[in-house]
$ cat structure-v8.cif   # mmCIF, C-alpha atoms and all ligand atoms
data_target
loop_
_atom_site.group_PDB
_atom_site.id
_atom_site.type_symbol
_atom_site.label_atom_id
_atom_site.label_comp_id
_atom_site.auth_asym_id
_atom_site.auth_seq_id
_atom_site.Cartn_x
_atom_site.Cartn_y
_atom_site.Cartn_z
ATOM 1 C CA MET F 81 -120.767 158.474 24.369
ATOM 2 C CA LEU F 82 -122.549 155.849 22.256
ATOM 3 C CA HIS F 83 -124.177 152.887 23.944
ATOM 4 C CA VAL F 84 -123.662 149.959 21.658
ATOM 5 C CA THR F 85 -123.336 146.320 22.553
ATOM 6 C CA LEU F 86 -120.868 143.688 21.427
ATOM 7 C CA ARG F 87 -123.811 141.784 19.985
ATOM 8 C CA GLN F 88 -124.887 144.741 17.831
ATOM 9 C CA LEU F 89 -121.373 145.183 16.511
ATOM 10 C CA ARG F 90 -120.983 141.504 15.727
ATOM 11 C CA THR F 91 -124.316 141.560 13.914
ATOM 12 C CA PHE F 92 -123.407 144.664 11.948
ATOM 13 C CA GLU F 93 -120.007 143.216 11.000
ATOM 14 C CA ALA F 94 -121.662 140.030 9.703
ATOM 15 C CA VAL F 95 -124.290 141.933 7.664
ATOM 16 C CA ALA F 96 -121.665 144.300 6.250
ATOM 17 C CA ARG F 97 -119.298 141.463 5.359
ATOM 18 C CA LEU F 98 -121.922 139.138 3.889
ATOM 19 C CA LYS F 99 -123.993 141.977 2.371
ATOM 20 C CA SER F 100 -127.107 140.167 3.469
ATOM 21 C CA PHE F 101 -129.387 140.088 6.509
ATOM 22 C CA SER F 102 -130.432 136.506 5.906
ATOM 23 C CA ARG F 103 -126.901 135.161 5.513
ATOM 24 C CA ALA F 104 -125.810 137.057 8.620
ATOM 25 C CA ALA F 105 -128.733 135.523 10.520
ATOM 26 C CA GLU F 106 -127.744 132.084 9.266
ATOM 27 C CA GLU F 107 -124.103 132.538 10.237
ATOM 28 C CA MET F 108 -125.025 133.797 13.692
ATOM 29 C CA HIS F 109 -127.675 131.126 14.235
ATOM 30 C CA VAL F 110 -130.381 133.692 14.963
ATOM 31 C CA THR F 111 -133.533 134.747 13.127
ATOM 32 C CA GLN F 112 -133.592 137.507 10.550
ATOM 33 C CA PRO F 113 -135.871 139.770 12.688
ATOM 34 C CA THR F 114 -133.242 139.501 15.453
ATOM 35 C CA VAL F 115 -130.597 140.741 13.037
ATOM 36 C CA SER F 116 -132.843 143.575 11.828
ATOM 37 C CA LYS F 117 -133.571 144.592 15.416
ATOM 38 C CA GLN F 118 -129.880 144.702 16.365
ATOM 39 C CA ILE F 119 -129.103 146.820 13.312
ATOM 40 C CA ARG F 120 -132.023 149.173 14.047
ATOM 41 C CA LEU F 121 -130.845 149.687 17.635
ATOM 42 C CA LEU F 122 -127.326 150.368 16.404
ATOM 43 C CA ASN F 123 -128.598 152.781 13.755
ATOM 44 C CA ASP F 124 -130.617 154.697 16.334
ATOM 45 C CA GLU F 125 -127.629 154.930 18.620
ATOM 46 C CA VAL F 126 -125.243 156.115 15.895
ATOM 47 C CA GLY F 127 -127.857 158.521 14.584
ATOM 48 C CA LEU F 128 -127.030 157.989 10.911
ATOM 49 C CA PRO F 129 -128.069 155.226 8.535
ATOM 50 C CA LEU F 130 -125.378 152.554 8.301
ATOM 51 C CA LEU F 131 -126.840 150.321 5.634
ATOM 52 C CA GLU F 132 -128.957 150.816 2.563
ATOM 53 C CA GLN F 133 -131.063 148.028 1.231
ATOM 54 C CA ILE F 134 -131.978 148.029 -2.450
ATOM 55 C CA GLY F 135 -134.067 144.999 -3.258
ATOM 56 C CA LYS F 136 -132.256 142.164 -1.558
ATOM 57 C CA LYS F 137 -128.886 143.865 -1.820
ATOM 58 C CA VAL F 138 -127.267 145.549 1.139
ATOM 59 C CA PHE F 139 -124.911 148.494 0.647
ATOM 60 C CA LEU F 140 -122.834 150.333 3.222
ATOM 61 C CA THR F 141 -123.300 154.067 3.655
ATOM 62 C CA GLU F 142 -120.247 156.166 4.397
ATOM 63 C CA ALA F 143 -120.964 155.932 8.125
ATOM 64 C CA GLY F 144 -121.408 152.189 7.625
ATOM 65 C CA GLU F 145 -118.010 151.882 5.924
ATOM 66 C CA GLN F 146 -116.377 153.714 8.831
ATOM 67 C CA LEU F 147 -118.099 151.510 11.368
ATOM 68 C CA TYR F 148 -117.216 148.358 9.423
ATOM 69 C CA ALA F 149 -113.500 149.230 9.451
ATOM 70 C CA THR F 150 -113.703 150.025 13.175
ATOM 71 C CA CYS F 151 -115.588 146.789 13.887
ATOM 72 C CA ALA F 152 -113.053 144.662 12.059
ATOM 73 C CA ASP F 153 -110.190 146.091 14.168
ATOM 74 C CA TRP F 154 -112.156 145.965 17.326
ATOM 75 C CA LEU F 155 -113.496 142.435 16.931
ATOM 76 C CA GLU F 156 -110.014 141.253 16.068
ATOM 77 C CA ALA F 157 -108.649 142.867 19.243
ATOM 78 C CA TRP F 158 -111.486 141.389 21.270
ATOM 79 C CA GLY F 159 -110.875 137.930 19.757
ATOM 80 C CA ARG F 160 -107.218 138.267 20.747
ATOM 81 C CA PHE F 161 -108.227 139.178 24.261
ATOM 82 C CA GLU F 162 -110.530 136.145 24.554
ATOM 83 C CA GLN F 163 -107.753 133.966 23.214
ATOM 84 C CA THR F 164 -105.204 135.404 25.649
ATOM 85 C CA ILE F 165 -107.536 134.582 28.496
ATOM 86 C CA ALA F 166 -107.931 131.014 27.209
ATOM 87 C CA ASP F 167 -104.156 130.779 26.792
ATOM 88 C CA LEU F 168 -103.593 132.108 30.319
ATOM 89 C CA LYS F 169 -105.949 129.460 31.605
ATOM 90 C CA GLY F 170 -103.681 127.039 29.787
ATOM 91 C CA VAL F 171 -106.538 125.262 28.119
ATOM 92 C CA LYS F 172 -106.594 124.264 24.516
ATOM 93 C CA GLN F 173 -109.921 125.748 23.765
ATOM 94 C CA GLY F 174 -111.250 128.657 21.791
ATOM 95 C CA ARG F 175 -111.895 129.563 18.232
ATOM 96 C CA LEU F 176 -109.546 128.922 15.347
ATOM 97 C CA ARG F 177 -110.115 130.802 12.115
ATOM 98 C CA ILE F 178 -108.586 129.367 8.987
ATOM 99 C CA ALA F 179 -108.969 130.817 5.506
ATOM 100 C CA ALA F 180 -108.089 128.421 2.716
ATOM 101 C CA VAL F 181 -108.189 128.713 -1.072
ATOM 102 C CA THR F 182 -110.872 126.898 -3.057
ATOM 103 C CA THR F 183 -108.673 124.009 -4.132
ATOM 104 C CA THR F 184 -107.835 123.062 -0.535
ATOM 105 C CA LYS F 185 -111.401 121.889 -0.035
ATOM 106 C CA TYR F 186 -110.169 118.553 -1.365
ATOM 107 C CA PHE F 187 -107.932 117.998 1.645
ATOM 108 C CA MET F 188 -108.331 120.554 4.437
ATOM 109 C CA PRO F 189 -111.613 119.157 5.776
ATOM 110 C CA ARG F 190 -109.936 115.752 6.179
ATOM 111 C CA ILE F 191 -107.745 116.957 8.997
ATOM 112 C CA LEU F 192 -110.508 118.705 10.892
ATOM 113 C CA GLY F 193 -112.205 115.497 12.091
ATOM 114 C CA PRO F 194 -109.127 114.009 13.782
ATOM 115 C CA PHE F 195 -108.104 117.431 15.111
ATOM 116 C CA CYS F 196 -111.504 118.193 16.623
ATOM 117 C CA ALA F 197 -111.648 114.676 18.083
ATOM 118 C CA LYS F 198 -108.332 115.306 19.841
ATOM 119 C CA TYR F 199 -109.192 118.875 20.946
ATOM 120 C CA PRO F 200 -112.956 118.965 21.485
ATOM 121 C CA GLY F 201 -112.735 122.415 23.091
ATOM 122 C CA ILE F 202 -111.462 124.024 19.882
ATOM 123 C CA ASP F 203 -114.047 125.392 17.568
ATOM 124 C CA ILE F 204 -112.902 125.836 13.958
ATOM 125 C CA ALA F 205 -114.219 128.238 11.346
ATOM 126 C CA LEU F 206 -112.861 127.297 7.912
ATOM 127 C CA GLU F 207 -113.465 129.954 5.278
ATOM 128 C CA VAL F 208 -112.991 128.604 1.735
ATOM 129 C CA VAL F 209 -112.483 131.368 -0.816
ATOM 130 C CA ASN F 210 -110.397 131.960 -3.922
ATOM 131 C CA ARG F 211 -106.914 133.438 -3.727
ATOM 132 C CA ASN F 212 -107.965 137.077 -4.174
ATOM 133 C CA ARG F 213 -110.614 136.868 -1.463
ATOM 134 C CA LEU F 214 -108.074 135.151 0.772
ATOM 135 C CA LEU F 215 -105.591 137.991 0.262
ATOM 136 C CA GLU F 216 -108.296 140.475 1.254
ATOM 137 C CA ARG F 217 -108.882 138.505 4.444
ATOM 138 C CA LEU F 218 -105.126 138.419 5.080
ATOM 139 C CA ALA F 219 -104.908 142.198 4.617
ATOM 140 C CA ARG F 220 -107.733 142.642 7.146
ATOM 141 C CA ASN F 221 -106.126 140.165 9.538
ATOM 142 C CA GLN F 222 -109.381 138.233 9.747
ATOM 143 C CA ASP F 223 -108.001 134.747 10.384
ATOM 144 C CA ASP F 224 -105.309 132.935 12.347
ATOM 145 C CA LEU F 225 -103.878 130.923 9.467
ATOM 146 C CA TYR F 226 -104.109 131.072 5.668
ATOM 147 C CA ILE F 227 -103.667 128.058 3.407
ATOM 148 C CA MET F 228 -102.724 128.744 -0.190
ATOM 149 C CA GLY F 229 -100.697 127.598 -3.177
ATOM 150 C CA VAL F 230 -99.367 130.911 -4.457
ATOM 151 C CA PRO F 231 -98.239 133.159 -1.580
ATOM 152 C CA PRO F 232 -98.126 136.850 -2.488
ATOM 153 C CA ASP F 233 -94.858 138.679 -3.107
ATOM 154 C CA GLY F 234 -93.901 141.767 -1.192
ATOM 155 C CA LEU F 235 -95.947 141.213 1.971
ATOM 156 C CA ASP F 236 -94.408 140.771 5.377
ATOM 157 C CA ILE F 237 -95.579 137.215 5.835
ATOM 158 C CA GLU F 238 -94.246 133.910 6.964
ATOM 159 C CA CYS F 239 -94.959 130.999 4.579
ATOM 160 C CA GLU F 240 -94.249 127.418 5.396
ATOM 161 C CA PRO F 241 -94.612 124.733 2.733
ATOM 162 C CA PHE F 242 -96.284 121.621 4.168
ATOM 163 C CA MET F 243 -97.335 119.446 1.243
ATOM 164 C CA GLU F 244 -96.684 118.984 -2.473
ATOM 165 C CA ASN F 245 -99.080 120.651 -4.888
ATOM 166 C CA PRO F 246 -98.227 119.417 -8.396
ATOM 167 C CA LEU F 247 -99.899 121.085 -11.357
ATOM 168 C CA VAL F 248 -101.038 118.614 -14.013
ATOM 169 C CA VAL F 249 -102.516 118.762 -17.515
ATOM 170 C CA LEU F 250 -105.944 117.153 -17.738
ATOM 171 C CA ALA F 251 -107.615 115.868 -20.868
ATOM 172 C CA PRO F 252 -110.634 113.703 -21.611
ATOM 173 C CA SER F 253 -109.663 110.011 -21.517
ATOM 174 C CA SER F 254 -110.378 109.747 -25.254
ATOM 175 C CA HIS F 255 -108.002 112.606 -26.209
ATOM 176 C CA PRO F 256 -105.465 111.722 -28.973
ATOM 177 C CA MET F 257 -102.577 112.860 -26.727
ATOM 178 C CA ALA F 258 -103.724 110.584 -23.896
ATOM 179 C CA GLN F 259 -101.562 107.690 -25.087
ATOM 180 C CA ARG F 260 -98.505 109.772 -26.014
ATOM 181 C CA LYS F 261 -95.379 110.053 -23.906
ATOM 182 C CA ARG F 262 -93.432 113.278 -23.337
ATOM 183 C CA VAL F 263 -95.773 115.522 -25.295
ATOM 184 C CA PRO F 264 -93.936 118.847 -25.961
ATOM 185 C CA PHE F 265 -95.594 121.750 -24.161
ATOM 186 C CA ALA F 266 -95.761 123.631 -27.475
ATOM 187 C CA SER F 267 -98.277 121.033 -28.729
ATOM 188 C CA LEU F 268 -100.776 122.515 -26.280
ATOM 189 C CA ALA F 269 -100.786 125.785 -28.226
ATOM 190 C CA ASN F 270 -103.642 124.684 -30.454
ATOM 191 C CA GLU F 271 -105.754 123.146 -27.737
ATOM 192 C CA PRO F 272 -108.752 124.901 -26.193
ATOM 193 C CA PHE F 273 -108.395 125.335 -22.422
ATOM 194 C CA ILE F 274 -110.864 125.567 -19.585
ATOM 195 C CA VAL F 275 -109.528 127.847 -16.862
ATOM 196 C CA ARG F 276 -110.515 128.956 -13.369
ATOM 197 C CA GLU F 277 -111.874 132.458 -12.734
ATOM 198 C CA ARG F 278 -109.571 135.478 -12.457
ATOM 199 C CA GLY F 279 -108.484 135.899 -8.862
ATOM 200 C CA SER F 280 -107.867 132.196 -8.404
ATOM 201 C CA GLY F 281 -104.347 130.980 -7.674
ATOM 202 C CA THR F 282 -104.687 128.252 -10.275
ATOM 203 C CA ARG F 283 -105.578 130.804 -12.962
ATOM 204 C CA LEU F 284 -102.591 132.947 -12.011
ATOM 205 C CA THR F 285 -100.262 129.958 -12.231
ATOM 206 C CA VAL F 286 -101.668 128.777 -15.563
ATOM 207 C CA GLU F 287 -101.202 132.222 -17.109
ATOM 208 C CA ARG F 288 -97.627 132.349 -15.791
ATOM 209 C CA VAL F 289 -96.836 128.863 -17.120
ATOM 210 C CA PHE F 290 -97.951 129.777 -20.649
ATOM 211 C CA GLN F 291 -96.313 133.192 -20.537
ATOM 212 C CA GLU F 292 -92.966 131.830 -19.348
ATOM 213 C CA ARG F 293 -92.965 129.338 -22.197
ATOM 214 C CA ASN F 294 -94.122 131.892 -24.714
ATOM 215 C CA ILE F 295 -97.053 129.757 -25.781
ATOM 216 C CA PRO F 296 -100.466 131.334 -26.389
ATOM 217 C CA LEU F 297 -103.190 130.168 -24.023
ATOM 218 C CA MET F 298 -106.417 129.586 -25.907
ATOM 219 C CA ILE F 299 -109.223 129.988 -23.386
ATOM 220 C CA ARG F 300 -112.400 128.215 -24.390
ATOM 221 C CA MET F 301 -114.202 128.677 -21.125
ATOM 222 C CA GLU F 302 -113.778 130.123 -17.652
ATOM 223 C CA LEU F 303 -115.351 128.309 -14.710
ATOM 224 C CA GLY F 304 -115.329 129.154 -11.003
ATOM 225 C CA SER F 305 -115.101 125.588 -9.746
ATOM 226 C CA ASN F 306 -112.536 122.805 -10.091
ATOM 227 C CA GLU F 307 -115.333 120.226 -10.109
ATOM 228 C CA ALA F 308 -117.099 121.970 -12.986
ATOM 229 C CA ILE F 309 -113.787 122.117 -14.856
ATOM 230 C CA LYS F 310 -113.229 118.386 -14.478
ATOM 231 C CA GLN F 311 -116.748 117.740 -15.763
ATOM 232 C CA ALA F 312 -116.163 120.059 -18.717
ATOM 233 C CA VAL F 313 -112.862 118.313 -19.518
ATOM 234 C CA ALA F 314 -114.568 114.914 -19.249
ATOM 235 C CA GLY F 315 -117.276 116.244 -21.550
ATOM 236 C CA GLY F 316 -114.681 117.058 -24.214
ATOM 237 C CA LEU F 317 -114.791 120.871 -24.016
ATOM 238 C CA GLY F 318 -111.040 121.197 -23.722
ATOM 239 C CA LEU F 319 -107.959 120.618 -21.588
ATOM 240 C CA SER F 320 -107.124 122.143 -18.251
ATOM 241 C CA LEU F 321 -104.208 122.693 -15.892
ATOM 242 C CA LEU F 322 -105.286 121.947 -12.342
ATOM 243 C CA SER F 323 -103.732 121.068 -9.033
ATOM 244 C CA GLN F 324 -103.386 117.334 -8.604
ATOM 245 C CA SER F 325 -105.156 117.796 -5.264
ATOM 246 C CA THR F 326 -108.432 118.116 -7.194
ATOM 247 C CA LEU F 327 -108.147 114.558 -8.535
ATOM 248 C CA ASN F 328 -109.108 111.179 -7.215
ATOM 249 C CA LEU F 329 -106.206 108.784 -6.672
ATOM 250 C CA ASP F 330 -107.352 107.203 -9.891
ATOM 251 C CA PRO F 331 -108.223 110.119 -12.234
ATOM 252 C CA SER F 332 -110.206 107.764 -14.481
ATOM 253 C CA GLN F 333 -112.860 107.922 -11.728
ATOM 254 C CA ASP F 334 -113.187 111.563 -12.758
ATOM 255 C CA GLU F 335 -113.348 110.396 -16.395
ATOM 256 C CA VAL F 336 -110.258 112.431 -17.175
ATOM 257 C CA THR F 337 -106.650 111.561 -17.759
ATOM 258 C CA VAL F 338 -103.405 113.262 -16.797
ATOM 259 C CA LEU F 339 -101.357 113.936 -19.927
ATOM 260 C CA ASN F 340 -97.668 113.116 -19.990
ATOM 261 C CA VAL F 341 -96.383 116.559 -20.980
ATOM 262 C CA GLN F 342 -92.701 117.549 -20.891
ATOM 263 C CA GLY F 343 -91.888 119.530 -17.761
ATOM 264 C CA PHE F 344 -95.042 118.277 -15.999
ATOM 265 C CA PRO F 345 -96.200 117.835 -13.362
ATOM 266 C CA ILE F 346 -94.976 121.263 -12.324
ATOM 267 C CA LYS F 347 -93.683 121.024 -8.778
ATOM 268 C CA ARG F 348 -95.334 123.401 -6.339
ATOM 269 C CA SER F 349 -96.279 123.344 -2.667
ATOM 270 C CA TRP F 350 -99.174 124.125 -0.421
ATOM 271 C CA TYR F 351 -98.255 126.767 2.129
ATOM 272 C CA VAL F 352 -99.503 127.873 5.481
ATOM 273 C CA VAL F 353 -99.199 131.632 5.633
ATOM 274 C CA ARG F 354 -99.513 134.222 8.394
ATOM 275 C CA PRO F 355 -98.447 137.825 8.937
ATOM 276 C CA ARG F 356 -94.870 137.780 10.241
ATOM 277 C CA ASP F 357 -95.601 139.943 13.254
ATOM 278 C CA LYS F 358 -98.709 138.023 14.238
ATOM 279 C CA GLN F 359 -98.546 136.403 17.638
ATOM 280 C CA LEU F 360 -100.160 132.997 17.114
ATOM 281 C CA SER F 361 -102.652 131.876 19.735
ATOM 282 C CA VAL F 362 -102.078 128.594 21.557
ATOM 283 C CA VAL F 363 -104.968 127.172 19.560
ATOM 284 C CA ALA F 364 -103.442 128.184 16.211
ATOM 285 C CA THR F 365 -100.026 126.836 17.209
ATOM 286 C CA THR F 366 -101.645 123.588 18.312
ATOM 287 C CA PHE F 367 -103.361 123.251 14.949
ATOM 288 C CA LEU F 368 -100.212 124.071 13.002
ATOM 289 C CA GLU F 369 -98.188 121.475 14.890
ATOM 290 C CA PHE F 370 -100.958 118.914 14.459
ATOM 291 C CA MET F 371 -101.204 119.563 10.727
ATOM 292 C CA LYS F 372 -97.448 119.311 10.159
ATOM 293 C CA ALA F 373 -97.288 116.066 12.140
ATOM 294 C CA ASN F 374 -100.266 114.593 10.288
ATOM 295 C CA VAL F 375 -99.792 115.588 6.657
ATOM 296 C CA HIS F 376 -100.545 111.981 5.722
ATOM 297 C CA LEU F 377 -104.165 112.619 6.748
ATOM 298 C CA LEU F 378 -104.438 115.191 3.961
ATOM 299 C CA VAL F 379 -103.576 112.778 1.178
ATOM 300 C CA PRO F 380 -106.308 110.499 -0.171
ATOM 301 C CA ARG F 381 -105.975 106.959 1.167
ATOM 302 C CA ARG F 382 -105.252 104.047 -1.148
HETATM 303 P P1 LIG S 401 -107.345 128.697 -6.067
HETATM 304 O O1 LIG S 401 -105.899 128.658 -5.425
HETATM 305 O O2 LIG S 401 -108.129 127.574 -5.435
HETATM 306 O O3 LIG S 401 -107.803 130.078 -5.746
HETATM 307 O O4 LIG S 401 -107.136 128.447 -7.522
HETATM 308 C C1 LIG S 401 -105.065 127.588 -5.621
HETATM 309 C C2 LIG S 401 -103.668 128.019 -5.358
HETATM 310 O O5 LIG S 401 -103.440 129.062 -4.687
HETATM 311 O O6 LIG S 401 -102.788 127.286 -5.861
#
$ encode --input "structure-v8.cif" --output "C-alpha cells" --more "lines below"
Ligand code: PGA
Amino acid sequence: MLHVTLRQLRTFEAVARLKSFSRAAEEMHVTQPTVSKQIRLLNDEVGLPLLEQIGKKVFLTEAGEQLYATCADWLEAWGRFEQTIADLKGVKQGRLRIAAVTTTKYFMPRILGPFCAKYPGIDIALEVVNRNRLLERLARNQDDLYIMGVPPDGLDIECEPFMENPLVVLAPSSHPMAQRKRVPFASLANEPFIVRERGSGTRLTVERVFQERNIPLMIRMELGSNEAIKQAVAGGLGLSLLSQSTLNLDPSQDEVTVLNVQGFPIKRSWYVVRPRDKQLSVVATTFLEFMKANVHLLVPRR
C-alpha cells in the first residue's frame, strides 16, 4: 500500500496540469522548493519517476500520465465530498470552479464582485481559456460551470442561454465602407481579415459564417487575443468579426467602427453549460441563480 498524502497529490496534479514547477508553486501559494519536495516524496513512494524535466519544460512519464488521470478523478471526487459536507451544513460556502472562454473576460469578472460581496464564504476560481481548452476541461469534469458561445454538438450537456452575444464586423474608423449602409456580405470577399487562433469559438463561428455564404475568407493575420485584434483593426491591418462583448459601449473608444453589413449583427447567445448528469453543488446553483437574476451586471453601464 502506498503512503501518499492529499497534499502530494494536489501538488502533482498542479505540476502535471501546468507543466511547470514554478507555476504550480504560484497557484498553490507555496515556494518552489516545497513543490519539488512534495514531488520527490511522491516519486519515492511510487518508486518510478513521474515527471521528466528538460530545461524548464516538464513532461509526464507513463507512470505520471497514469497518476495524473487518477488524480483528476480522485480530486474531483474529493471536491464533491467537501462540497456535500458544506451543503449538509447548509452553508453557502466552498469553492466554485468556473471555466469561461476568452471572450467572456469582458463581462464575467463584473459579476464576481457583487456575488462575492453577497456570499463572502464562497471562493471562486475562474479559469479563462479558449473554446478548445474549455472543452478539454469539460471532458475531464474539472469545473462546476462552463461559460461559452458555441456549445459543442453531440455531448450530453445542458446549455442555458443567458445573454445575447452578437457577432459584428469591425473595421478601422477610416475604412471606405464605414459610412455605407447595408453593405452586401459578398463585398467582404476582397477584404483582408484578422482572425482569432484555431480552437477559439470566435474563429469557428467566423469560418462557418463565410462557408455558409460561400464567400472566401482572406486571412491576413491570426492573433490569440481579442484586444490585439482590435488594435490591429484600428491600425488598418484588416477587418475582423468579433463578439460585440469585446467592444466598449462606444466602439470609437477602441478606434474601430462596426460596419453595417447585411445580415449583421449575427444573433448568438452566451451559454452556461454543464454535463447533464452532473449534480450541481449548492454553491454552483447559488451562483447560477445569482447570474441569471443579475444579467444586467454583465452589460457595460452607460
Ligand atoms: P473564444 O470563444 O473566446 O474561444 O473565441 C468565444 C465563443 O465561444 O463564442
$ resolve_selection --input "structure-v8.cif" --expression "the PyMOL selection byres (((chain F and resi 250) around 10) and not hetatm)" --output "PyMOL selection string"
chain F and resi 247-249+251-253+255+258+273-274+309-310+313-314+318-324+327+331+336-340
$ write_last_selection --input "structure-v8.cif" --atoms "C-alpha atoms" --output "mmCIF file, in the frame of the given file"
data_model
loop_
_atom_site.group_PDB
_atom_site.id
_atom_site.type_symbol
_atom_site.label_atom_id
_atom_site.label_comp_id
_atom_site.auth_asym_id
_atom_site.auth_seq_id
_atom_site.Cartn_x
_atom_site.Cartn_y
_atom_site.Cartn_z
ATOM 1 C CA LEU F 247 -99.899 121.085 -11.357
ATOM 2 C CA VAL F 248 -101.038 118.614 -14.013
ATOM 3 C CA VAL F 249 -102.516 118.762 -17.515
ATOM 4 C CA ALA F 251 -107.615 115.868 -20.868
ATOM 5 C CA PRO F 252 -110.634 113.703 -21.611
ATOM 6 C CA SER F 253 -109.663 110.011 -21.517
ATOM 7 C CA HIS F 255 -108.002 112.606 -26.209
ATOM 8 C CA ALA F 258 -103.724 110.584 -23.896
ATOM 9 C CA PHE F 273 -108.395 125.335 -22.422
ATOM 10 C CA ILE F 274 -110.864 125.567 -19.585
ATOM 11 C CA ILE F 309 -113.787 122.117 -14.856
ATOM 12 C CA LYS F 310 -113.229 118.386 -14.478
ATOM 13 C CA VAL F 313 -112.862 118.313 -19.518
ATOM 14 C CA ALA F 314 -114.568 114.914 -19.249
ATOM 15 C CA GLY F 318 -111.040 121.197 -23.722
ATOM 16 C CA LEU F 319 -107.959 120.618 -21.588
ATOM 17 C CA SER F 320 -107.124 122.143 -18.251
ATOM 18 C CA LEU F 321 -104.208 122.693 -15.892
ATOM 19 C CA LEU F 322 -105.286 121.947 -12.342
ATOM 20 C CA SER F 323 -103.732 121.068 -9.033
ATOM 21 C CA GLN F 324 -103.386 117.334 -8.604
ATOM 22 C CA LEU F 327 -108.147 114.558 -8.535
ATOM 23 C CA PRO F 331 -108.223 110.119 -12.234
ATOM 24 C CA VAL F 336 -110.258 112.431 -17.175
ATOM 25 C CA THR F 337 -106.650 111.561 -17.759
ATOM 26 C CA VAL F 338 -103.405 113.262 -16.797
ATOM 27 C CA LEU F 339 -101.357 113.936 -19.927
ATOM 28 C CA ASN F 340 -97.668 113.116 -19.990
#
$ residues_near_ligand --input "structure-v8.cif" --ligand "ligand LIG 401 (chain S)" --cutoff "9 Å" --atoms "only C-alpha atoms and all ligand atoms" --output "number ranges by chain"
F: 180-185, 208-214, 227-231, 245, 247, 276-285, 304-306, 322-323, 348-351
$ resolve_selection --input "structure-v8.cif" --expression "the PyMOL selection byres (((chain F and resi 222) around 10) and not hetatm)" --output "mmCIF file with C-alpha atoms, in the frame of the given file"
data_model
loop_
_atom_site.group_PDB
_atom_site.id
_atom_site.type_symbol
_atom_site.label_atom_id
_atom_site.label_comp_id
_atom_site.auth_asym_id
_atom_site.auth_seq_id
_atom_site.Cartn_x
_atom_site.Cartn_y
_atom_site.Cartn_z
ATOM 1 C CA ALA F 152 -113.053 144.662 12.059
ATOM 2 C CA ASP F 153 -110.190 146.091 14.168
ATOM 3 C CA LEU F 155 -113.496 142.435 16.931
ATOM 4 C CA GLU F 156 -110.014 141.253 16.068
ATOM 5 C CA ARG F 177 -110.115 130.802 12.115
ATOM 6 C CA ILE F 178 -108.586 129.367 8.987
ATOM 7 C CA ALA F 179 -108.969 130.817 5.506
ATOM 8 C CA LEU F 214 -108.074 135.151 0.772
ATOM 9 C CA GLU F 216 -108.296 140.475 1.254
ATOM 10 C CA ARG F 217 -108.882 138.505 4.444
ATOM 11 C CA LEU F 218 -105.126 138.419 5.080
ATOM 12 C CA ALA F 219 -104.908 142.198 4.617
ATOM 13 C CA ARG F 220 -107.733 142.642 7.146
ATOM 14 C CA ASN F 221 -106.126 140.165 9.538
ATOM 15 C CA ASP F 223 -108.001 134.747 10.384
ATOM 16 C CA ASP F 224 -105.309 132.935 12.347
ATOM 17 C CA LEU F 225 -103.878 130.923 9.467
ATOM 18 C CA TYR F 226 -104.109 131.072 5.668
#
$ atom_distance --input "structure-v8.cif" --atom1 "CA of Arg354 (chain F)" --atom2 "CA of Gly159 (chain F)"
16.5 Å
$ closest_residue --input "structure-v8.cif" --among "F:Ile299, F:Ala105, F:Leu130, F:Val362" --to "Arg175 (chain F)" --atoms "all atoms listed in the file"
F:Val362
$ resolve_selection --input "structure-v8.cif" --expression "the PyMOL selection byres (((chain F and resi 204) around 12) and not hetatm)" --output "list of chain:residue names"
F:Gln173, F:Gly174, F:Arg175, F:Leu176, F:Arg177, F:Ile178, F:Ala179, F:Met188, F:Pro189, F:Ile191, F:Leu192, F:Gly193, F:Phe195, F:Cys196, F:Ala197, F:Tyr199, F:Pro200, F:Gly201, F:Ile202, F:Asp203, F:Ala205, F:Leu206, F:Glu207, F:Asp223, F:Asp224, F:Leu225, F:Val363, F:Ala364, F:Phe367
$ atom_distance --input "structure-v8.cif" --atom1 "CA of Asp124 (chain F)" --atom2 "CA of Glu106 (chain F)"
23.9 Å
$ closest_residue --input "structure-v8.cif" --among "F:Lys347, F:Arg293, F:Arg87, F:Arg260" --to "Lys117 (chain F)" --atoms "all atoms listed in the file"
F:Arg87
$ atom_distance --input "structure-v8.cif" --atom1 "CA of Ser116 (chain F)" --atom2 "CA of Gln146 (chain F)"
19.6 Å
$ closest_residue --input "structure-v8.cif" --among "F:Asn123, F:Ser332, F:Gln342, F:Thr141" --to "Val263 (chain F)" --atoms "all atoms listed in the file"
F:Gln342
$ closest_residue --input "structure-v8.cif" --among "F:Gly315, F:Pro355, F:Pro380, F:Pro296" --to "Leu329 (chain F)" --atoms "all atoms listed in the file"
F:Pro380
$ residues_near_point --input "structure-v8.cif" --point "(-120.3, 142.2, 14.8)" --cutoff "12 Å" --atoms "all atoms listed in the file" --output "ChimeraX atom specification"
/F:84-98,104-105,107-108,115,118-119,122,147-156,158-159
$ residues_around --input "structure-v8.cif" --residues "Arg356 (chain F)" --least-positions-apart "2" --cutoff "7 Å" --atoms "all atoms listed in the file" --output "compact mmCIF listing (two decimals) with C-alpha atoms, in the coordinates of the input"
# COMPACT_ATOMS: atom_id res chain seq x y z
CA ASP F 236 -94.41 140.77 5.38
CA ILE F 237 -95.58 137.22 5.84
CA GLU F 238 -94.25 133.91 6.96
CA ARG F 354 -99.51 134.22 8.39
CA LYS F 358 -98.71 138.02 14.24
$ closest_residue --input "structure-v8.cif" --among "F:Ile134, F:Ala312, F:Val375, F:Ile346" --to "Arg288 (chain F)" --atoms "only C-alpha atoms"
F:Ile346
$ axis_aligned_box --input "structure-v8.cif" --around "region 241-254 of chain F" --padding-each-side "5 Å" --output "lines of an AutoDock Vina configuration file"
center_x = -102.6
center_y = 117.2
center_z = -10.5
size_x = 26.0
size_y = 25.0
size_z = 39.4
